[in-house]
Amino acid sequence: MSLDWDYFFSLFTMSSFWQACVTVVVLSTLSWGIGLVLGFLLAIAKMSKHRWLSVPAGVYIWFFRSVPLLVVLVFVYNLPQLFPAAGSVLGIPFVAGLVSMVATEAAYMAEIHRGGLISVAKGQREAGHALALGFAGIQRLIVIPQAFRISLPTMINEYVTIIKLSSLVSAISLPELLMTGQRLYAQNFLVLETLFAVAVYYVLIVTIFGAVLQWLERRMDIPSRNPGTLSDSTVAALRTSLQGKGAISKPTSLRAGEPPALNLMHLSKSYGDHQVLKDINLNVASGEVISIIGPSGSGKTTLIRTINQLETLDSGEVVLFGEGYIRGGEHADRTTLRNGIRRIGMVFQSFNLFPHYTVAENVMLAPRYHGQIESKQLARERALYLLDQVGMLAHADKYPHQLSGGQQQRVAIARTLALDPDIILFDEPTSALDPEMVGEVLKVMQDLAKAGLTMLIVTHEMEFALQVSDRVMMMEHGVVQVDAAPDAIRDSSVVSPQLQRIRHFMGLVTEPANQG
């Protein structure tokens, strides 16, 4: 028995099939789109630290991933039997099918979103926090774009799955492709020809809309973008055009007579039973450069991370320019905290550039967010100026993945400077770099020190610490063991156990300090 090819091809001219195609496309697209949005909200709720959000979201996801879609369809379509008032809406097969598919897909989309969200590195959120972006700003500008790009291939696959699952709505008498085919072969008994045509229709829908979504995926494929280095003539022209711009200025030191930039009073911090910071006290004058050194695990990084509340304090207080800012054990006023963080820039060990923005866009992001520069053109000019100051103007239109470690760190410094901070924290800015790249970053930091910026630098570069610092502070076992000027450390005629300890740690003497 051969197939009736004439009948098979005639099925592609039937208006009922094309109407059924429209039903499938509209139902699938709405289910995918609405499920995508609701799924994101469910993912955020499930990841919340508040149990009144995370528990209901988790139960919803568990339930609708466990119950077959067909069961949900039949239940929703017959729900008016329990609630007659719902009959005017759920009695319509298309609406009942849409509600059922959205309810189910939201649960699956939630897990897809959650996978994308947890794939975004913690450092990305910390960089947003250090730029004083609010929670909503961090999600909108940093986390969601990256998570969406990570999740998009799975979402495309889910769209294909939804198209195929739409055939189940035939159970509630919605005339989609499968039901249209069933009605035909029930009349003429040409089952194979009819189902073959139905399969072709589904393949056509999946191919067309899958191609559109894959085009979107390619558009969002940041690693495949490789803008080139600006030519020397372009860089020279840009540098000339930036001269005399009123909105652009070098970072300047703070005015004399102002209160100390930072006053750290009795700071303590523990992780479980391990006390990392033990009653730390430190005054930092405006324009002062302090290098913090010490063995690994001594509390150096934790100390500077408490200054912008990347780590919360158990007790103690941080006073910023004479005003209360952070107090351990208390919830800081959100506005006060945000304003304080805007005055404190931070450069991370692992750069934490935003991979979905170009170099210039990384630098422009925070000033535009905070409304410091309303015009996008002026924001770009300022970004280009700062990039020129750190030797990265030629790479302004590149993406972070195209840069070396030293180049990324210089861009990170420019991004920090874009907010005109009064204080900059450096968390081991050269430890992730190859030795040959360390020098280019240290040169930029030396220039900032000469410009009068207040800087706290956690570093393992001992010679640099002695050259650039007003004071070198050594931490060990969570306490400040030594706080001395570089001249005092170098002067071997000044003898004390504390100075001998720091000299030995810095490699200036070969004999360890006498601890007895």
# chains A, B, ... in the order shown; residues from 1 in each chain; ligands from 1

$ residues_around --residues "segment 34-41 of chain A" --least-positions-apart "3" --cutoff "7 Å" --atoms "only C-alpha atoms" --output "PyMOL selection string"
chain A and resi 30-31+44-45+102+105-107+109-110+113

$ write_last_selection --atoms "N, CA, C and O atoms" --output "PDB file, in the first residue's frame"
ATOM      1  N   LEU A  30       2.878  32.724  23.514  1.00  0.00           N
ATOM      2  CA  LEU A  30       2.368  33.350  24.743  1.00  0.00           C
ATOM      3  C   LEU A  30       2.772  32.541  25.970  1.00  0.00           C
ATOM      4  O   LEU A  30       3.175  33.107  27.001  1.00  0.00           O
ATOM      5  N   SER A  31       2.673  31.220  25.878  1.00  0.00           N
ATOM      6  CA  SER A  31       3.064  30.372  27.018  1.00  0.00           C
ATOM      7  C   SER A  31       4.539  30.539  27.337  1.00  0.00           C
ATOM      8  O   SER A  31       4.925  30.625  28.509  1.00  0.00           O
ATOM      9  N   ILE A  44      13.708  34.242  41.367  1.00  0.00           N
ATOM     10  CA  ILE A  44      14.158  35.235  42.348  1.00  0.00           C
ATOM     11  C   ILE A  44      13.596  34.918  43.721  1.00  0.00           C
ATOM     12  O   ILE A  44      14.289  34.991  44.744  1.00  0.00           O
ATOM     13  N   ALA A  45      12.304  34.537  43.752  1.00  0.00           N
ATOM     14  CA  ALA A  45      11.677  34.218  45.037  1.00  0.00           C
ATOM     15  C   ALA A  45      12.321  32.986  45.672  1.00  0.00           C
ATOM     16  O   ALA A  45      12.586  32.959  46.886  1.00  0.00           O
ATOM     17  N   VAL A 102       1.031  27.961  30.834  1.00  0.00           N
ATOM     18  CA  VAL A 102       1.817  28.972  31.548  1.00  0.00           C
ATOM     19  C   VAL A 102       2.131  28.500  32.959  1.00  0.00           C
ATOM     20  O   VAL A 102       3.268  28.642  33.443  1.00  0.00           O
ATOM     21  N   GLU A 105       4.849  25.837  32.521  1.00  0.00           N
ATOM     22  CA  GLU A 105       6.112  26.340  31.982  1.00  0.00           C
ATOM     23  C   GLU A 105       6.807  27.295  32.937  1.00  0.00           C
ATOM     24  O   GLU A 105       8.032  27.372  32.957  1.00  0.00           O
ATOM     25  N   ALA A 106       6.049  28.038  33.739  1.00  0.00           N
ATOM     26  CA  ALA A 106       6.673  28.946  34.705  1.00  0.00           C
ATOM     27  C   ALA A 106       7.576  28.178  35.664  1.00  0.00           C
ATOM     28  O   ALA A 106       8.649  28.649  36.054  1.00  0.00           O
ATOM     29  N   ALA A 107       7.141  26.957  36.039  1.00  0.00           N
ATOM     30  CA  ALA A 107       7.956  26.147  36.944  1.00  0.00           C
ATOM     31  C   ALA A 107       9.254  25.708  36.274  1.00  0.00           C
ATOM     32  O   ALA A 107      10.335  25.751  36.887  1.00  0.00           O
ATOM     33  N   MET A 109      10.674  27.182  33.592  1.00  0.00           N
ATOM     34  CA  MET A 109      11.455  28.385  33.317  1.00  0.00           C
ATOM     35  C   MET A 109      12.166  28.891  34.570  1.00  0.00           C
ATOM     36  O   MET A 109      13.273  29.427  34.498  1.00  0.00           O
ATOM     37  N   ALA A 110      11.522  28.717  35.723  1.00  0.00           N
ATOM     38  CA  ALA A 110      12.136  29.166  36.975  1.00  0.00           C
ATOM     39  C   ALA A 110      13.475  28.471  37.202  1.00  0.00           C
ATOM     40  O   ALA A 110      14.465  29.104  37.595  1.00  0.00           O
ATOM     41  N   HIS A 113      16.012  29.818  34.668  1.00  0.00           N
ATOM     42  CA  HIS A 113      16.493  31.122  35.127  1.00  0.00           C
ATOM     43  C   HIS A 113      17.440  30.974  36.318  1.00  0.00           C
ATOM     44  O   HIS A 113      18.477  31.644  36.388  1.00  0.00           O
TER      45      HIS A 113
END

$ select_by_dssp --residues "segment 120-306 of chain A" --states "alpha helix (DSSP H)" --output "VMD selection string"
chain A and resid 122 to 130 135 to 138 144 to 165 177 to 188 191 to 219 232 to 242 300 to 306

$ residues_around --residues "Ile118 of chain A" --least-positions-apart "4" --cutoff "12 Å" --atoms "only C-alpha atoms" --output "count of residues only"
19

$ atom_distance --atom1 "atom CA of Ile292 of chain A" --atom2 "atom CA of Val458 of chain A"
4.7 Å

$ select_by_dssp --residues "segment 92-308 of chain A" --states "strand (DSSP E)" --output "PyMOL selection string"
chain A and resi 262-271+274-284+289-293

$ residues_around --residues "segment 367-376 of chain A" --least-positions-apart "5" --cutoff "10 Å" --atoms "only C-alpha atoms" --output "VMD selection string"
chain A and resid 131 to 134 137 141 247 342 361 381 to 383 415 418 to 420

$ write_last_selection --atoms "N, CA, C and O atoms" --output "PDB file, in the first residue's frame"
ATOM      1  N   LEU A 131      30.101  49.899  43.130  1.00  0.00           N
ATOM      2  CA  LEU A 131      29.761  51.080  42.342  1.00  0.00           C
ATOM      3  C   LEU A 131      28.481  51.738  42.845  1.00  0.00           C
ATOM      4  O   LEU A 131      27.947  52.638  42.194  1.00  0.00           O
ATOM      5  N   ALA A 132      27.988  51.280  44.010  1.00  0.00           N
ATOM      6  CA  ALA A 132      26.805  51.844  44.665  1.00  0.00           C
ATOM      7  C   ALA A 132      25.539  51.664  43.841  1.00  0.00           C
ATOM      8  O   ALA A 132      24.607  52.458  43.940  1.00  0.00           O
ATOM      9  N   LEU A 133      25.489  50.619  43.021  1.00  0.00           N
ATOM     10  CA  LEU A 133      24.251  50.297  42.327  1.00  0.00           C
ATOM     11  C   LEU A 133      23.320  49.597  43.309  1.00  0.00           C
ATOM     12  O   LEU A 133      23.750  48.759  44.090  1.00  0.00           O
ATOM     13  N   GLY A 134      22.043  49.940  43.275  1.00  0.00           N
ATOM     14  CA  GLY A 134      21.087  49.274  44.137  1.00  0.00           C
ATOM     15  C   GLY A 134      20.818  47.853  43.680  1.00  0.00           C
ATOM     16  O   GLY A 134      21.278  47.416  42.623  1.00  0.00           O
ATOM     17  N   GLY A 137      19.231  47.802  40.335  1.00  0.00           N
ATOM     18  CA  GLY A 137      20.195  48.190  39.312  1.00  0.00           C
ATOM     19  C   GLY A 137      21.168  47.076  38.995  1.00  0.00           C
ATOM     20  O   GLY A 137      21.505  46.843  37.822  1.00  0.00           O
ATOM     21  N   LEU A 141      21.093  45.691  35.229  1.00  0.00           N
ATOM     22  CA  LEU A 141      22.216  46.075  34.385  1.00  0.00           C
ATOM     23  C   LEU A 141      23.315  45.020  34.306  1.00  0.00           C
ATOM     24  O   LEU A 141      24.059  44.980  33.322  1.00  0.00           O
ATOM     25  N   ALA A 247      33.489  68.851  31.342  1.00  0.00           N
ATOM     26  CA  ALA A 247      32.939  67.766  32.151  1.00  0.00           C
ATOM     27  C   ALA A 247      34.000  66.749  32.532  1.00  0.00           C
ATOM     28  O   ALA A 247      33.724  65.811  33.239  1.00  0.00           O
ATOM     29  N   ARG A 342      29.422  55.405  47.336  1.00  0.00           N
ATOM     30  CA  ARG A 342      29.767  56.192  46.144  1.00  0.00           C
ATOM     31  C   ARG A 342      31.055  56.972  46.339  1.00  0.00           C
ATOM     32  O   ARG A 342      31.719  57.334  45.368  1.00  0.00           O
ATOM     33  N   GLU A 361      31.879  51.257  27.924  1.00  0.00           N
ATOM     34  CA  GLU A 361      30.584  51.121  28.599  1.00  0.00           C
ATOM     35  C   GLU A 361      30.768  50.727  30.058  1.00  0.00           C
ATOM     36  O   GLU A 361      29.977  51.139  30.923  1.00  0.00           O
ATOM     37  N   GLU A 381      32.728  60.717  26.672  1.00  0.00           N
ATOM     38  CA  GLU A 381      33.937  61.537  26.632  1.00  0.00           C
ATOM     39  C   GLU A 381      34.727  61.407  27.925  1.00  0.00           C
ATOM     40  O   GLU A 381      35.957  61.287  27.904  1.00  0.00           O
ATOM     41  N   ARG A 382      34.006  61.399  29.042  1.00  0.00           N
ATOM     42  CA  ARG A 382      34.707  61.241  30.329  1.00  0.00           C
ATOM     43  C   ARG A 382      35.327  59.851  30.434  1.00  0.00           C
ATOM     44  O   ARG A 382      36.453  59.705  30.933  1.00  0.00           O
ATOM     45  N   ALA A 383      34.603  58.840  29.960  1.00  0.00           N
ATOM     46  CA  ALA A 383      35.141  57.485  29.986  1.00  0.00           C
ATOM     47  C   ALA A 383      36.401  57.391  29.133  1.00  0.00           C
ATOM     48  O   ALA A 383      37.407  56.793  29.555  1.00  0.00           O
ATOM     49  N   ARG A 415      37.238  52.515  35.674  1.00  0.00           N
ATOM     50  CA  ARG A 415      35.826  52.401  36.058  1.00  0.00           C
ATOM     51  C   ARG A 415      35.604  52.911  37.477  1.00  0.00           C
ATOM     52  O   ARG A 415      34.602  53.575  37.764  1.00  0.00           O
ATOM     53  N   ALA A 418      35.686  56.715  37.616  1.00  0.00           N
ATOM     54  CA  ALA A 418      34.589  57.397  36.940  1.00  0.00           C
ATOM     55  C   ALA A 418      33.589  58.012  37.911  1.00  0.00           C
ATOM     56  O   ALA A 418      32.884  58.961  37.566  1.00  0.00           O
ATOM     57  N   LEU A 419      33.511  57.483  39.128  1.00  0.00           N
ATOM     58  CA  LEU A 419      32.606  58.039  40.128  1.00  0.00           C
ATOM     59  C   LEU A 419      33.257  59.126  40.972  1.00  0.00           C
ATOM     60  O   LEU A 419      32.646  59.610  41.923  1.00  0.00           O
ATOM     61  N   ASP A 420      34.490  59.523  40.611  1.00  0.00           N
ATOM     62  CA  ASP A 420      35.234  60.524  41.395  1.00  0.00           C
ATOM     63  C   ASP A 420      35.274  60.167  42.878  1.00  0.00           C
ATOM     64  O   ASP A 420      34.891  60.968  43.743  1.00  0.00           O
TER      65      ASP A 420
END

$ residues_around --residues "segment 319-325 of chain A" --least-positions-apart "5" --cutoff "6 Å" --atoms "only C-alpha atoms" --output "MDAnalysis selection string"
chainID A and resid 259:263

$ residues_around --residues "Gly478 of chain A" --least-positions-apart "3" --cutoff "6 Å" --atoms "only C-alpha atoms" --output "PyMOL selection string"
chain A and resi 276-278+298-299

$ write_last_selection --atoms "N, CA, C and O atoms" --output "PDB file, in the first residue's frame"
ATOM      1  N   VAL A 276      38.239  36.791  62.565  1.00  0.00           N
ATOM      2  CA  VAL A 276      39.137  37.265  61.519  1.00  0.00           C
ATOM      3  C   VAL A 276      39.687  38.635  61.851  1.00  0.00           C
ATOM      4  O   VAL A 276      40.871  38.915  61.613  1.00  0.00           O
ATOM      5  N   LEU A 277      38.862  39.518  62.387  1.00  0.00           N
ATOM      6  CA  LEU A 277      39.291  40.850  62.798  1.00  0.00           C
ATOM      7  C   LEU A 277      39.082  40.984  64.295  1.00  0.00           C
ATOM      8  O   LEU A 277      38.004  40.676  64.814  1.00  0.00           O
ATOM      9  N   LYS A 278      40.108  41.454  64.981  1.00  0.00           N
ATOM     10  CA  LYS A 278      40.061  41.536  66.439  1.00  0.00           C
ATOM     11  C   LYS A 278      40.329  42.959  66.888  1.00  0.00           C
ATOM     12  O   LYS A 278      41.479  43.399  67.005  1.00  0.00           O
ATOM     13  N   SER A 298      45.407  36.663  57.315  1.00  0.00           N
ATOM     14  CA  SER A 298      45.605  37.574  58.440  1.00  0.00           C
ATOM     15  C   SER A 298      44.456  38.560  58.608  1.00  0.00           C
ATOM     16  O   SER A 298      44.411  39.291  59.597  1.00  0.00           O
ATOM     17  N   GLY A 299      43.528  38.634  57.640  1.00  0.00           N
ATOM     18  CA  GLY A 299      42.378  39.533  57.763  1.00  0.00           C
ATOM     19  C   GLY A 299      42.471  40.784  56.913  1.00  0.00           C
ATOM     20  O   GLY A 299      41.622  41.673  57.028  1.00  0.00           O
TER      21      GLY A 299
END
